[in-house]
$ cat query-v9.txt   # compact mmCIF, C-alpha atoms
# COMPACT_ATOMS: atom_id res chain seq x y z
CA MET A 1 53.95 47.60 139.20
CA LYS A 2 55.83 50.73 138.31
CA GLY A 3 57.20 52.78 141.17
CA PRO A 4 56.66 56.55 141.40
CA ARG A 5 59.98 57.32 139.74
CA ALA A 6 59.31 54.99 136.82
CA CYS A 7 55.86 56.46 136.29
CA ARG A 8 57.25 59.97 136.58
CA ARG A 9 59.93 59.24 133.99
CA SER A 10 57.27 58.03 131.55
CA ALA A 11 55.20 61.13 132.19
CA LEU A 12 58.17 63.40 131.57
CA ALA A 13 58.47 61.92 128.11
CA LEU A 14 54.81 62.72 127.58
CA ALA A 15 55.33 66.29 128.76
CA LEU A 16 57.72 66.67 125.86
CA GLY A 17 55.15 65.02 123.62
CA ALA A 18 51.47 65.43 122.92
CA VAL A 19 49.76 64.47 126.17
CA VAL A 20 49.69 66.29 129.48
CA LEU A 21 48.38 64.50 132.54
CA VAL A 22 45.28 65.94 134.13
CA GLY A 23 44.87 65.52 137.84
CA SER A 24 42.86 62.90 139.57
CA CYS A 25 39.78 64.42 141.17
CA GLY A 26 40.99 67.98 140.85
CA THR A 27 44.10 68.00 142.99
CA GLN A 28 45.08 71.38 144.38
CA THR A 29 48.71 72.06 145.18
CA ALA A 30 50.74 74.88 146.64
CA THR A 31 52.22 76.66 143.66
CA ARG A 32 52.92 80.36 143.46
CA GLN A 33 51.85 82.97 140.99
CA GLY A 34 54.32 83.08 138.13
CA PRO A 35 55.10 85.95 135.79
CA PRO A 36 52.42 87.22 133.39
CA SER A 37 51.77 84.82 130.55
CA PRO A 38 53.95 85.47 127.48
CA LEU A 39 50.75 85.06 125.49
CA ASP A 40 49.89 88.58 126.66
CA ALA A 41 52.58 89.79 124.27
CA VAL A 42 51.37 87.66 121.35
CA ASP A 43 49.29 89.52 118.78
CA SER A 44 45.52 89.11 118.93
CA GLU A 45 45.32 87.30 115.59
CA ALA A 46 47.63 84.52 116.76
CA GLN A 47 45.75 84.23 120.05
CA ALA A 48 42.44 83.90 118.20
CA ILE A 49 43.89 81.21 115.92
CA ARG A 50 45.19 79.33 118.95
CA LYS A 51 41.74 79.38 120.56
CA ASP A 52 40.04 78.22 117.34
CA ALA A 53 42.57 75.43 116.83
CA TYR A 54 42.00 74.04 120.31
CA ALA A 55 38.22 74.24 119.88
CA PHE A 56 38.40 72.40 116.57
CA TYR A 57 40.67 69.68 117.94
CA ASP A 58 38.57 69.20 121.07
CA SER A 59 35.39 68.88 119.00
CA TRP A 60 36.47 65.48 117.66
CA THR A 61 38.80 64.27 120.44
CA GLY A 62 36.35 64.89 123.27
CA GLY A 63 38.24 67.68 124.98
CA ARG A 64 38.62 67.74 128.72
CA SER A 65 34.92 67.18 129.39
CA GLY A 66 34.65 64.25 127.00
CA GLN A 67 37.71 62.54 128.37
CA THR A 68 36.53 62.85 131.98
CA ALA A 69 33.14 61.48 130.93
CA ALA A 70 34.90 58.56 129.26
CA GLU A 71 36.88 57.91 132.44
CA VAL A 72 33.65 57.65 134.40
CA LEU A 73 32.22 55.11 131.93
CA ILE A 74 35.43 53.08 131.89
CA VAL A 75 35.66 52.91 135.66
CA HIS A 76 31.99 52.03 135.96
CA ASP A 77 32.31 49.24 133.40
CA THR A 78 35.45 47.98 135.11
CA ASN A 79 34.56 48.39 138.79
CA GLY A 80 30.77 48.39 138.75
CA PRO A 81 30.36 44.58 138.82
CA LEU A 82 33.12 44.31 141.43
CA SER A 83 31.43 46.92 143.61
CA GLU A 84 28.08 45.16 143.34
CA CYS A 85 29.67 41.85 144.35
CA LEU A 86 31.39 43.44 147.36
CA ASN A 87 28.16 45.14 148.38
CA ARG A 88 26.34 41.81 148.27
CA ALA A 89 29.07 40.44 150.53
CA GLY A 90 28.30 43.18 153.04
CA HIS A 91 31.10 45.62 152.18
CA ASP A 92 30.20 49.19 151.23
CA VAL A 93 32.68 49.88 148.42
CA THR A 94 31.57 52.27 145.70
CA TRP A 95 32.82 51.95 142.13
CA GLU A 96 33.50 55.70 141.97
CA ARG A 97 36.59 55.27 144.16
CA GLY A 98 38.33 53.83 141.12
CA ILE A 99 38.23 57.10 139.19
CA SER A 100 41.82 58.21 139.13
CA GLY A 101 41.96 60.92 136.51
CA THR A 102 42.28 61.29 132.79
CA THR A 103 44.48 62.92 130.18
CA PHE A 104 44.44 66.23 128.41
CA MET A 105 45.41 65.77 124.78
CA ASP A 106 47.10 68.98 123.68
CA GLY A 107 46.25 69.32 120.01
CA LEU A 108 49.13 71.72 119.32
CA ASN A 109 51.93 70.06 121.26
CA ALA A 110 53.05 67.85 118.35
CA SER A 111 54.92 70.93 117.18
CA ARG A 112 57.22 72.03 119.98
CA TRP A 113 57.07 75.61 118.70
CA LEU A 114 53.37 75.83 119.61
CA ARG A 115 53.65 74.62 123.20
CA ASP A 116 51.92 76.85 125.73
CA PRO A 117 54.61 79.03 127.31
CA LEU A 118 55.19 78.83 131.06
CA SER A 119 52.38 76.31 131.55
CA ARG A 120 54.20 74.57 134.42
CA ARG A 121 53.79 71.26 132.62
CA TYR A 122 56.65 69.68 134.59
CA THR A 123 55.24 70.67 137.97
CA TRP A 124 51.96 68.97 137.16
CA ILE A 125 53.79 65.70 136.56
CA ALA A 126 55.16 65.93 140.10
CA VAL A 127 51.74 66.85 141.49
CA MET A 128 49.95 63.97 139.80
CA ASP A 129 52.69 61.57 140.86
CA ALA A 130 52.25 62.69 144.47
CA PHE A 131 48.48 62.44 144.31
CA SER A 132 48.55 58.92 142.89
CA ALA A 133 51.09 57.80 145.47
CA ARG A 134 49.02 59.13 148.36
CA VAL A 135 45.76 57.70 147.10
CA GLU A 136 47.46 54.32 146.78
CA ASP A 137 48.92 54.68 150.27
CA ARG A 138 45.51 55.60 151.68
CA GLN A 139 43.92 52.58 150.04
CA MET A 140 46.62 50.30 151.42
CA HIS A 141 45.89 51.57 154.95
CA ASP A 142 42.13 51.49 154.47
CA LYS A 143 41.83 47.85 153.60
CA ARG A 144 38.36 47.07 154.86
CA VAL A 145 37.65 44.03 152.69
CA PRO A 146 39.31 40.64 153.33
CA ASP A 147 41.54 39.33 150.55
CA ASP A 148 39.48 36.20 149.97
CA VAL A 149 36.33 38.28 149.39
CA VAL A 150 38.13 40.58 146.94
CA ASP A 151 39.61 37.61 145.07
CA SER A 152 36.23 35.92 144.81
CA CYS A 153 34.57 39.06 143.46
CA LEU A 154 37.41 39.67 141.02
CA ARG A 155 36.96 36.20 139.58
CA SER A 156 33.26 36.84 139.06
CA SER A 157 33.80 40.26 137.44
CA ARG A 158 34.64 40.84 133.80
CA PRO A 159 36.89 43.91 133.35
CA ILE A 160 36.36 46.02 130.25
CA GLY A 161 39.90 45.30 129.01
CA ASP A 162 42.27 47.47 127.00
CA GLU A 163 40.18 47.17 123.85
CA GLY A 164 37.10 48.43 125.66
CA VAL A 165 39.03 51.31 127.21
CA LEU A 166 40.29 52.48 123.83
CA LYS A 167 36.91 52.04 122.20
CA THR A 168 35.51 54.55 124.69
CA SER A 169 38.35 57.01 125.21
CA LEU A 170 40.38 56.70 122.00
CA PRO A 171 38.44 55.04 119.15
CA PRO A 172 40.48 53.71 116.21
CA VAL A 173 39.20 56.39 113.84
CA GLN A 174 40.30 59.06 116.32
CA GLN A 175 43.75 57.52 116.57
CA ARG A 176 44.12 57.74 112.79
CA LEU A 177 42.93 61.33 112.67
CA MET A 178 45.20 62.38 115.52
CA ALA A 179 48.23 60.96 113.71
CA ASP A 180 47.30 62.81 110.53
CA TRP A 181 46.63 66.05 112.42
CA ASP A 182 49.98 65.89 114.20
CA ALA A 183 51.79 65.28 110.92
CA ARG A 184 50.04 68.17 109.19
CA ILE A 185 50.64 70.80 111.86
CA THR A 186 54.24 69.66 112.31
CA GLU A 187 54.92 70.03 108.60
CA ALA A 188 53.13 73.37 108.34
CA VAL A 189 54.91 74.90 111.32
CA ALA A 190 58.30 73.56 110.24
CA SER A 191 58.02 75.64 107.08
CA VAL A 192 58.37 78.84 109.13
CA ALA A 193 59.90 77.73 112.43
CA GLY A 194 62.01 74.64 111.90
CA ASP A 195 61.58 71.01 112.84
CA ARG A 196 61.58 69.25 116.21
CA GLU A 197 65.34 68.80 116.16
CA ASP A 198 65.81 72.55 115.64
CA TYR A 199 63.67 73.28 118.69
CA GLU A 200 65.42 70.76 120.90
CA THR A 201 68.82 72.03 119.81
CA CYS A 202 67.77 75.57 120.70
CA VAL A 203 66.66 74.50 124.18
CA LEU A 204 69.80 72.48 124.82
CA ASP A 205 71.96 75.41 123.71
CA GLY A 206 70.00 77.89 125.85
CA ASN A 207 70.77 79.31 129.27
CA LEU A 208 69.54 76.27 131.16
CA PRO A 209 69.48 76.22 134.97
CA GLU A 210 72.63 74.92 136.59
CA ALA A 211 70.78 71.76 137.62
CA PHE A 212 70.24 70.95 133.94
CA ALA A 213 73.54 72.21 132.55
CA GLY A 214 75.46 70.08 130.09
CA PRO A 215 72.90 67.66 128.57
CA GLU A 216 73.89 66.58 125.08
CA ASN A 217 70.43 65.37 124.08
CA THR A 218 66.80 65.41 125.16
CA GLU A 219 67.09 62.10 127.01
CA GLU A 220 69.81 63.52 129.22
CA LEU A 221 67.72 66.63 129.83
CA LEU A 222 64.79 64.43 130.89
CA ASP A 223 67.08 62.61 133.31
CA ALA A 224 68.18 65.94 134.78
CA ILE A 225 64.58 67.16 135.17
CA ASP A 226 63.62 63.89 136.85
CA ALA A 227 66.53 64.16 139.27
CA ALA A 228 65.67 67.77 140.13
CA MET A 229 62.04 67.03 141.02
CA PRO A 230 61.35 66.52 144.72
CA PRO A 231 60.28 63.01 145.76
CA VAL A 232 56.54 62.45 145.88
CA GLU A 233 56.46 62.87 149.65
CA GLY A 234 57.97 66.35 149.22
CA VAL A 235 55.22 67.63 146.90
CA PRO A 236 52.65 69.75 148.79
CA LEU A 237 48.99 68.96 148.19
CA GLY A 238 46.07 71.07 149.30
CA ASP A 239 47.04 73.44 152.11
CA GLU A 240 50.24 71.62 153.03
CA GLU A 241 53.21 73.86 153.63
CA PRO A 242 55.65 73.91 150.68
CA SER A 243 59.13 72.70 151.54
CA GLN A 244 62.34 74.49 150.60
CA ASP A 245 62.99 71.74 148.08
CA TRP A 246 59.64 72.44 146.45
CA GLN A 247 60.30 76.17 146.24
CA LYS A 248 63.71 75.42 144.77
CA TRP A 249 62.10 73.18 142.16
CA LEU A 250 59.64 75.91 141.16
CA ASP A 251 62.57 78.29 140.61
CA VAL A 252 64.39 75.76 138.45
CA GLU A 253 61.30 74.91 136.43
CA GLU A 254 60.59 78.59 135.80
CA GLN A 255 64.08 79.03 134.36
CA LEU A 256 63.61 76.00 132.10
CA LEU A 257 60.27 77.29 130.81
CA GLU A 258 61.82 80.67 130.09
CA VAL A 259 64.50 78.97 127.98
CA GLU A 260 61.83 77.10 126.04
CA TRP A 261 59.87 80.28 125.43
CA THR A 262 62.98 82.18 124.36
CA CYS A 263 63.31 79.63 121.57
CA ALA A 264 59.65 79.70 120.55
CA GLU A 265 58.77 83.37 120.92
CA PRO A 266 60.37 84.70 117.69
CA VAL A 267 58.35 82.30 115.53
CA TYR A 268 55.27 81.69 117.68
CA SER A 269 52.86 84.03 115.90
CA ASP A 270 54.01 83.05 112.41
CA ALA A 271 53.70 79.39 113.37
CA MET A 272 50.14 79.96 114.58
CA ARG A 273 49.23 81.61 111.28
CA GLN A 274 49.89 78.33 109.49
CA LEU A 275 47.01 76.61 111.28
CA PRO A 276 43.85 78.00 109.62
CA GLY A 277 44.82 76.40 106.31
CA VAL A 278 45.59 73.14 108.08
CA ILE A 279 42.22 73.20 109.84
CA ASP A 280 40.28 73.90 106.63
CA ASP A 281 42.01 71.14 104.66
CA PHE A 282 41.77 68.65 107.51
CA ALA A 283 38.06 69.34 108.04
CA ALA A 284 37.34 68.86 104.35
CA ASP A 285 39.40 65.67 104.04
CA HIS A 286 37.90 64.05 107.16
CA GLU A 287 34.36 65.39 107.19
CA ASP A 288 32.66 62.02 107.70
CA GLU A 289 35.12 60.78 110.32
CA ILE A 290 34.84 64.01 112.30
CA ALA A 291 31.05 63.76 112.28
CA GLU A 292 31.33 60.18 113.53
CA LEU A 293 33.59 61.24 116.39
CA VAL A 294 31.45 64.23 117.36
CA ALA A 295 28.51 61.84 117.68
CA HIS A 296 30.67 59.42 119.69
CA TRP A 297 31.57 62.05 122.27
CA GLN A 298 27.97 63.18 122.55
CA ARG A 299 27.00 59.59 123.38
CA VAL A 300 29.84 59.28 125.91
CA LYS A 301 28.71 62.39 127.75
CA SER A 302 25.07 61.31 127.67
CA ASP A 303 25.92 57.88 129.10
CA ALA A 304 28.14 59.45 131.79
CA ARG A 305 25.38 61.85 132.81
CA ALA A 306 23.19 58.83 133.53
CA LEU A 307 25.82 57.82 136.12
CA GLY A 308 25.90 61.24 137.78
CA TRP A 309 28.67 62.90 135.78
CA THR A 310 28.30 66.57 134.92
CA GLU A 311 30.69 69.04 133.32
CA ASP A 312 30.51 71.13 136.51
CA ARG A 313 31.60 68.16 138.62
CA PRO A 314 33.38 65.76 136.29
CA PHE A 315 35.00 63.57 138.94
CA LEU A 316 32.64 61.53 141.06
CA CYS A 317 35.15 60.12 143.53
CA SER A 318 35.86 61.64 146.91
CA THR A 319 39.33 62.73 147.95
CA PRO A 320 40.84 63.58 151.33
CA GLU A 321 39.74 66.97 152.63
CA GLY A 322 41.95 69.79 151.44
CA TRP A 323 43.10 68.07 148.25
CA VAL A 324 40.33 69.51 146.10
CA ASN A 325 39.56 73.05 145.04
CA PRO A 326 35.85 73.09 146.00
CA GLU A 327 35.02 75.88 143.57
CA THR A 328 36.45 74.40 140.38
CA GLU A 329 37.23 70.73 141.17
CA TYR A 330 40.52 71.39 139.33
CA PRO A 331 44.02 72.58 140.20
CA PRO A 332 44.22 76.41 140.12
CA ALA A 333 46.38 76.55 136.99
CA LEU A 334 44.71 73.72 135.10
CA ASP A 335 42.31 75.97 133.23
CA GLU A 336 45.27 77.93 131.86
CA LEU A 337 46.81 74.67 130.67
CA ALA A 338 43.81 72.80 129.40
CA ALA A 339 41.12 75.29 128.51
CA PRO A 340 42.36 78.00 126.14
$ encode --input "query-v9.txt" --output "structure tokens"
Amino acid sequence: MKGPRACRRSALALALGAVVLVGSCGTQTATRQGPPSPLDAVDSEAQAIRKDAYAFYDSWTGGRSGQTAAEVLIVHDTNGPLSECLNRAGHDVTWERGISGTTFMDGLNASRWLRDPLSRRYTWIAVMDAFSARVEDRQMHDKRVPDDVVDSCLRSSRPIGDEGVLKTSLPPVQQRLMADWDARITEAVASVAGDREDYETCVLDGNLPEAFAGPENTEELLDAIDAAMPPVEGVPLGDEEPSQDWQKWLDVEEQLLEVEWTCAEPVYSDAMRQLPGVIDDFAADHEDEIAELVAHWQRVKSDARALGWTEDRPFLCSTPEGWVNPETEYPPALDELAAP
């Protein structure tokens, strides 16, 4: 099993890629209000294109609501039979406890130039790491079912398996379309902004925080970010008091995000203006596949609703008091990150 640091390192690579982790059961953490979004200074045309692009991408990849619905189905298919077996053995264990979160697939992040500025994407890696670690710790100390009973029920259960997981949350046709979409927007944006290497060179040559000074490549920068993050036990959840180390991390992350935005800002609007043509061509070339995927996500949501899932309360599991924002079920800044 991967330790917290190993999982965090993998997630950091994703933060520089196309997937951003979305919190398990709506974790709330003690962050502070950052500066106004740089998007406030982006012209209205580019902002409208950005909104349309996300809506188009989410329509055939499920979006946040579709992915959380898929998570509910996957956990039910995986843990439902196990839960029923444990209940028959006299142990009240609900399958919903297995819901541990999902992913937000950022449809524009394949091109670094289009990444949402100051979205605190690195902080959320630390938050999700901390949440997962504490849930695991809680489960280890709340072991109400004897090992022999669990083992017997596991043998009688048939997990959905990796193939079943992907069939629900990432069907093969969607995987193919996502690869084509990423390639198209990357090529279109590169024509006015530069390629991925140009972006990474700009960031590495920027005025990076002292904690990150001197990396010669992206891998070394990832190592520096990982080292600067507080350990999972130092990440405040809910109404826990932020430590000095956490406040220091927020300062460092803010400086890093400002460097990234300094690189992207001069070309951001022009890069966005390349997307309408990409969307039109993509929609025409993949009309049948998109229709198939739209229908898939409608079925996923319908099946999840039968299990109690709703878009207003997408996570069915319970979390320790104080870890959830009762009004939104999401971290305070998640809407800014995941719902343009």
$ closest_residue --input "query-v9.txt" --among "A:Pro117, A:Gly164, A:Pro146, A:Gly206" --to "Val259 (chain A)" --atoms "all atoms listed in the file"
A:Gly206
$ atom_distance --input "query-v9.txt" --atom1 "CA of Cys153 (chain A)" --atom2 "CA of Trp309 (chain A)"
25.7 Å
$ closest_residue --input "query-v9.txt" --among "A:Val149, A:Ala188, A:Ile49, A:Ala304" --to "His76 (chain A)" --atoms "all atoms listed in the file"
A:Ala304
$ residues_around --input "query-v9.txt" --residues "Pro172 (chain A)" --least-positions-apart "4" --cutoff "12 Å" --atoms "only C-alpha atoms" --output "PyMOL selection string"
chain A and resi 61+163-168+176-179+289+292-293+296
$ write_last_selection --input "query-v9.txt" --atoms "C-alpha atoms" --output "short mmCIF file (atom, residue, chain, number, x, y, z; two decimals), keeping the file's coordinate frame"
data_model
loop_
_atom_site.label_atom_id
_atom_site.label_comp_id
_atom_site.auth_asym_id
_atom_site.auth_seq_id
_atom_site.Cartn_x
_atom_site.Cartn_y
_atom_site.Cartn_z
CA THR A 61 38.80 64.27 120.44
CA GLU A 163 40.18 47.17 123.85
CA GLY A 164 37.10 48.43 125.66
CA VAL A 165 39.03 51.31 127.21
CA LEU A 166 40.29 52.48 123.83
CA LYS A 167 36.91 52.04 122.20
CA THR A 168 35.51 54.55 124.69
CA ARG A 176 44.12 57.74 112.79
CA LEU A 177 42.93 61.33 112.67
CA MET A 178 45.20 62.38 115.52
CA ALA A 179 48.23 60.96 113.71
CA GLU A 289 35.12 60.78 110.32
CA GLU A 292 31.33 60.18 113.53
CA LEU A 293 33.59 61.24 116.39
CA HIS A 296 30.67 59.42 119.69
#
$ closest_residue --input "query-v9.txt" --among "A:His91, A:Ala41, A:Gln274, A:Asp58" --to "Ser191 (chain A)" --atoms "all atoms listed in the file"
A:Gln274
$ closest_residue --input "query-v9.txt" --among "A:Glu197, A:Asp52, A:Glu240, A:Asp288" --to "Trp113 (chain A)" --atoms "only C-alpha atoms"
A:Glu197
$ residues_near_point --input "query-v9.txt" --point "(61.3, 66.4, 147.7)" --cutoff "9 Å" --atoms "only C-alpha atoms" --output "ChimeraX atom specification"
/A:228-235,243-246,249
$ residues_around --input "query-v9.txt" --residues "Gly107 (chain A)" --least-positions-apart "2" --cutoff "10 Å" --atoms "all atoms listed in the file" --output "PDB file with C-alpha atoms, keeping the file's coordinate frame"
ATOM      1  CA  ALA A  18      51.470  65.430 122.920  1.00  0.00           C
ATOM      2  CA  VAL A  19      49.760  64.470 126.170  1.00  0.00           C
ATOM      3  CA  ALA A  53      42.570  75.430 116.830  1.00  0.00           C
ATOM      4  CA  TYR A  54      42.000  74.040 120.310  1.00  0.00           C
ATOM      5  CA  ALA A  55      38.220  74.240 119.880  1.00  0.00           C
ATOM      6  CA  PHE A  56      38.400  72.400 116.570  1.00  0.00           C
ATOM      7  CA  TYR A  57      40.670  69.680 117.940  1.00  0.00           C
ATOM      8  CA  ASP A  58      38.570  69.200 121.070  1.00  0.00           C
ATOM      9  CA  THR A  61      38.800  64.270 120.440  1.00  0.00           C
ATOM     10  CA  GLY A  63      38.240  67.680 124.980  1.00  0.00           C
ATOM     11  CA  PHE A 104      44.440  66.230 128.410  1.00  0.00           C
ATOM     12  CA  MET A 105      45.410  65.770 124.780  1.00  0.00           C
ATOM     13  CA  ASN A 109      51.930  70.060 121.260  1.00  0.00           C
ATOM     14  CA  ALA A 110      53.050  67.850 118.350  1.00  0.00           C
ATOM     15  CA  SER A 111      54.920  70.930 117.180  1.00  0.00           C
ATOM     16  CA  LEU A 114      53.370  75.830 119.610  1.00  0.00           C
ATOM     17  CA  ARG A 115      53.650  74.620 123.200  1.00  0.00           C
ATOM     18  CA  MET A 178      45.200  62.380 115.520  1.00  0.00           C
ATOM     19  CA  TRP A 181      46.630  66.050 112.420  1.00  0.00           C
ATOM     20  CA  ASP A 182      49.980  65.890 114.200  1.00  0.00           C
ATOM     21  CA  ILE A 185      50.640  70.800 111.860  1.00  0.00           C
TER      22      ILE A 185
END
$ atom_distance --input "query-v9.txt" --atom1 "CA of Pro215 (chain A)" --atom2 "CA of Met128 (chain A)"
25.8 Å
$ atom_distance --input "query-v9.txt" --atom1 "CA of Glu287 (chain A)" --atom2 "CA of Leu275 (chain A)"
17.4 Å
$ closest_residue --input "query-v9.txt" --among "A:Glu187, A:Val267, A:Arg121, A:Gln174" --to "Ser59 (chain A)" --atoms "only C-alpha atoms"
A:Gln174
$ closest_residue --input "query-v9.txt" --among "A:Glu216, A:Glu96, A:Glu241, A:Glu71" --to "Lys301 (chain A)" --atoms "all atoms listed in the file"
A:Glu71
$ residues_around --input "query-v9.txt" --residues "Gln255 (chain A)" --least-positions-apart "4" --cutoff "9 Å" --atoms "all atoms listed in the file" --output "ChimeraX atom specification"
/A:207-209,250-251,259-260
$ write_last_selection --input "query-v9.txt" --atoms "C-alpha atoms" --output "PDB file, in the frame of the given file"
ATOM      1  CA  ASN A 207      70.770  79.310 129.270  1.00  0.00           C
ATOM      2  CA  LEU A 208      69.540  76.270 131.160  1.00  0.00           C
ATOM      3  CA  PRO A 209      69.480  76.220 134.970  1.00  0.00           C
ATOM      4  CA  LEU A 250      59.640  75.910 141.160  1.00  0.00           C
ATOM      5  CA  ASP A 251      62.570  78.290 140.610  1.00  0.00           C
ATOM      6  CA  VAL A 259      64.500  78.970 127.980  1.00  0.00           C
ATOM      7  CA  GLU A 260      61.830  77.100 126.040  1.00  0.00           C
TER       8      GLU A 260
END
